[in-house]
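Next comes query_31.cif, a file with mmCIF, C-alpha atoms and all ligand atoms.
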```cif
data_query
loop_
_atom_site.label_atom_id
_atom_site.label_comp_id
_atom_site.auth_asym_id
_atom_site.auth_seq_id
_atom_site.Cartn_x
_atom_site.Cartn_y
_atom_site.Cartn_z
CA MET A 1 69.62 -93.93 231.30
CA THR A 2 67.20 -91.45 232.82
CA ALA A 3 67.93 -88.30 234.84
CA ALA A 4 71.68 -88.81 234.99
CA HIS A 5 73.19 -87.99 238.36
CA ALA A 6 70.07 -87.04 240.25
CA GLY A 7 71.11 -84.44 242.80
CA ASP A 8 69.55 -85.89 245.91
CA CYS A 9 70.15 -89.57 245.17
CA LEU A 10 72.44 -91.28 247.69
CA PHE A 11 74.22 -93.48 245.17
CA CYS A 12 74.60 -90.61 242.68
CA ARG A 13 76.33 -88.75 245.51
CA ILE A 14 78.67 -91.72 245.98
CA VAL A 15 79.35 -91.67 242.21
CA ARG A 16 80.25 -87.98 242.49
CA LYS A 17 82.44 -88.74 245.56
CA GLU A 18 80.35 -86.41 247.70
CA ILE A 19 79.84 -89.32 250.09
CA ALA A 20 82.71 -91.66 250.89
CA ALA A 21 82.57 -95.33 250.05
CA LYS A 22 85.09 -98.16 249.86
CA ILE A 23 85.34 -98.33 246.10
CA LEU A 24 86.47 -101.64 244.61
CA PHE A 25 86.06 -100.96 240.90
CA GLU A 26 85.28 -98.02 238.68
CA ASN A 27 85.13 -97.30 234.99
CA GLU A 28 83.23 -94.75 232.88
CA ARG A 29 79.97 -96.60 233.24
CA ILE A 30 79.88 -98.49 236.52
CA LEU A 31 81.01 -98.32 240.14
CA ALA A 32 81.40 -101.07 242.75
CA PHE A 33 81.74 -100.44 246.47
CA GLU A 34 81.39 -102.17 249.82
CA ASP A 35 77.92 -102.14 251.37
CA ILE A 36 77.95 -99.94 254.47
CA ARG A 37 75.91 -102.51 256.44
CA PRO A 38 77.17 -105.89 255.24
CA ARG A 39 74.73 -108.80 255.53
CA ALA A 40 77.42 -111.37 254.74
CA PRO A 41 81.25 -111.52 254.93
CA VAL A 42 81.27 -110.39 251.30
CA HIS A 43 78.69 -107.71 250.48
CA VAL A 44 79.43 -105.50 247.50
CA LEU A 45 77.14 -103.22 245.51
CA VAL A 46 77.56 -102.68 241.77
CA ILE A 47 75.75 -99.76 240.14
CA PRO A 48 75.59 -97.90 236.86
CA LYS A 49 76.93 -94.37 237.27
CA ASP A 50 73.97 -92.86 235.46
CA HIS A 51 70.87 -92.65 237.57
CA VAL A 52 68.07 -95.14 237.03
CA ALA A 53 65.70 -95.79 239.91
CA SER A 54 65.21 -99.55 239.56
CA LEU A 55 65.08 -102.34 237.04
CA ASN A 56 61.53 -101.21 236.28
CA GLU A 57 62.87 -97.92 234.96
CA ALA A 58 65.78 -99.38 232.97
CA PRO A 59 65.21 -98.41 229.35
CA GLU A 60 65.35 -100.50 226.23
CA GLY A 61 68.95 -100.36 225.13
CA ALA A 62 70.36 -101.02 228.60
CA GLU A 63 71.19 -104.62 227.74
CA ALA A 64 74.92 -104.05 227.34
CA LEU A 65 75.22 -102.02 230.53
CA LEU A 66 73.25 -104.51 232.61
CA GLY A 67 75.29 -107.35 231.18
CA GLU A 68 78.52 -105.52 231.95
CA ILE A 69 77.40 -105.07 235.56
CA LEU A 70 76.61 -108.76 235.87
CA LEU A 71 79.97 -109.85 234.50
CA ARG A 72 81.76 -107.31 236.67
CA ALA A 73 79.91 -108.74 239.67
CA ARG A 74 81.27 -112.16 238.73
CA ALA A 75 84.81 -110.75 238.56
CA LEU A 76 84.40 -109.03 241.92
CA ALA A 77 83.11 -112.24 243.50
CA ARG A 78 86.25 -113.99 242.26
CA GLU A 79 88.46 -111.18 243.59
CA LYS A 80 86.72 -111.42 246.95
CA GLY A 81 87.47 -115.13 247.05
CA VAL A 82 83.93 -116.47 246.77
CA GLY A 83 83.88 -117.33 243.08
CA GLU A 84 84.19 -121.03 243.80
CA SER A 85 82.51 -121.24 247.22
CA GLY A 86 79.50 -119.42 245.85
CA TYR A 87 77.69 -116.13 245.98
CA ARG A 88 74.34 -114.57 245.24
CA ILE A 89 73.54 -111.60 243.02
CA VAL A 90 70.45 -109.76 244.25
CA LEU A 91 68.54 -107.07 242.41
CA ASN A 92 65.78 -105.82 244.69
CA THR A 93 63.07 -104.10 242.69
CA ALA A 94 60.23 -101.98 244.12
CA ARG A 95 58.27 -102.26 247.34
CA ASP A 96 57.81 -105.92 248.05
CA SER A 97 61.49 -106.68 247.49
CA GLY A 98 62.50 -104.29 250.25
CA GLN A 99 64.35 -101.95 247.89
CA GLU A 100 65.44 -98.97 249.97
CA VAL A 101 67.78 -97.05 247.69
CA PHE A 102 66.14 -96.06 244.41
CA HIS A 103 69.27 -96.11 242.27
CA ILE A 104 69.52 -99.54 240.71
CA HIS A 105 72.16 -101.70 242.41
CA PHE A 106 73.20 -105.32 242.23
CA HIS A 107 74.18 -106.87 245.56
CA ILE A 108 76.94 -109.48 245.65
CA LEU A 109 76.58 -111.61 248.77
CA GLY A 110 78.90 -114.43 249.78
CA GLY A 111 81.29 -115.87 252.32
CA ARG A 112 78.66 -117.80 254.24
CA ARG A 113 75.89 -120.25 253.50
CA LEU A 114 72.97 -118.23 252.15
CA LEU A 115 69.44 -119.33 252.91
CA TRP A 116 66.97 -120.20 250.19
CA PRO A 117 64.36 -119.01 249.60
CA PRO A 118 65.13 -115.52 250.94
CA GLY A 119 62.73 -114.32 253.63
P1 LIG B 1 68.29 -102.24 248.92
O1 LIG B 1 67.55 -102.63 250.16
O2 LIG B 1 67.80 -100.93 248.36
O3 LIG B 1 68.35 -103.34 247.88
O4 LIG B 1 69.80 -102.08 249.36
C1 LIG B 1 70.38 -100.86 249.68
C2 LIG B 1 71.74 -101.17 250.26
O5 LIG B 1 72.47 -99.97 250.32
C3 LIG B 1 71.68 -101.74 251.67
O6 LIG B 1 72.35 -103.01 251.70
C4 LIG B 1 72.42 -100.69 252.51
O7 LIG B 1 73.20 -101.26 253.56
C5 LIG B 1 73.26 -99.98 251.49
N1 LIG B 1 73.55 -98.59 251.80
C6 LIG B 1 72.65 -97.67 252.24
N2 LIG B 1 73.26 -96.48 252.41
C7 LIG B 1 74.57 -96.67 252.08
C8 LIG B 1 75.71 -95.78 252.07
O8 LIG B 1 75.64 -94.60 252.38
N3 LIG B 1 76.89 -96.32 251.67
C9 LIG B 1 77.00 -97.64 251.30
N4 LIG B 1 78.22 -98.05 250.94
N5 LIG B 1 75.96 -98.49 251.30
C10 LIG B 1 74.76 -98.00 251.70
ZN ZN B 2 71.07 -92.05 241.55
#
```

As C-alpha cells, what does this structure read like?
Ligand code: 5GP
Ligand code: ZN
Amino acid sequence: MTAAHAGDCLFCRIVRKEIAAKILFENERILAFEDIRPRAPVHVLVIPKDHVASLNEAPEGAEALLGEILLRARALAREKGVGESGYRIVLNTARDSGQEVFHIHFHILGGRRLLWPPG
C-alpha cells in the first residue's frame, strides 16, 4: 500500500496507538475498532494498517488484503451478534459518498433496521 503510516492521518495514529480506540481485532495487517460516533447499535470500522487514502488509491495486488478485511468484517458481525439479524458493510469513497477520513475503512453497521437506499 502507499505511504505506510502517514504521520498526520487519524487512523494511522490509531494504528500506532497514539490515539485511543476500542480495539476489537488486530493482526499484522488489519485493525478493527468501535466507531467513536456510532450510527447504529453495532458500528465497527475495519482498516488496513498501512495507509491508503480510499478505494480509489488501493493498488493492484491489494485483492488478498481487501478480501481479508471483508471476511474479518463478517466474523466481527457474528461476534457482535448481528450475523443472522443482518448488517451492512459500507465503503465510502471520495466526495459524494461523504467520506471524511481518508484512510480506507469498512464500516460494519447493524443492530437495527437499516434504510435502503441510503440517503
Ligand atoms: P467516513 O465518513 O469517512 O466513511 O467515516 C469516518 C468514520 O470515522 C465516522 O463514522 C466517524 O464517526 C469515525 N471517526 C472519526 N474520528 C474517529 C476517531 O477518532 N475514533 C474513532 N474510533 N472513530 C472515528
Ligand atoms: Zn492513514

Give me the residues near Leu31 (chain A) as a PDB file with C-alpha atoms, in the frame of the given file, where near means some atom within 9 Å (using all atoms listed in the file) and where sequence neighbours in that chain fewer than 3 positions away do not count.
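Here's the written file part.pdb:
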```
ATOM      1  CA  VAL A  15      79.350 -91.670 242.210  1.00  0.00           C
ATOM      2  CA  ILE A  23      85.340 -98.330 246.100  1.00  0.00           C
ATOM      3  CA  LEU A  24      86.470-101.640 244.610  1.00  0.00           C
ATOM      4  CA  PHE A  25      86.060-100.960 240.900  1.00  0.00           C
ATOM      5  CA  GLU A  26      85.280 -98.020 238.680  1.00  0.00           C
ATOM      6  CA  ASN A  27      85.130 -97.300 234.990  1.00  0.00           C
ATOM      7  CA  GLU A  28      83.230 -94.750 232.880  1.00  0.00           C
ATOM      8  CA  LEU A  45      77.140-103.220 245.510  1.00  0.00           C
ATOM      9  CA  VAL A  46      77.560-102.680 241.770  1.00  0.00           C
ATOM     10  CA  ILE A  47      75.750 -99.760 240.140  1.00  0.00           C
ATOM     11  CA  PRO A  48      75.590 -97.900 236.860  1.00  0.00           C
ATOM     12  CA  LYS A  49      76.930 -94.370 237.270  1.00  0.00           C
ATOM     13  CA  ILE A  69      77.400-105.070 235.560  1.00  0.00           C
TER      14      ILE A  69
END
```

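Here CA of Arg16 (chain A) and CA of Gly110 (chain A) stand 27.5 Å from one another.
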
message: For a cutoff of 12 Å around the file-coordinate point (80.3, -112.8, 238.6), which residues qualify once you count only C-alpha atoms? I'd like the result as an NGL selection string.
response: :A and (44 or 46 or 67-84 or 86-90 or 106-110)

field: Distance in Å - CA of Leu91 (chain A) versus CA of Arg29 (chain A)
entry: 18.0 Å

field: At most 12 Å from ligand LIG 1 (chain B) (all atoms listed in the file): residue list as an MDAnalysis selection string
entry: chainID A and resid 9:15 17:24 31:40 42:47 53:55 89:109

query: If you measure from CA of Pro41 (chain A) to atom ZN of ligand ZN 2 (chain B), what distance in Å do you get, rounded to one decimal?
result: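 These two atoms are separated by 25.7 Å.
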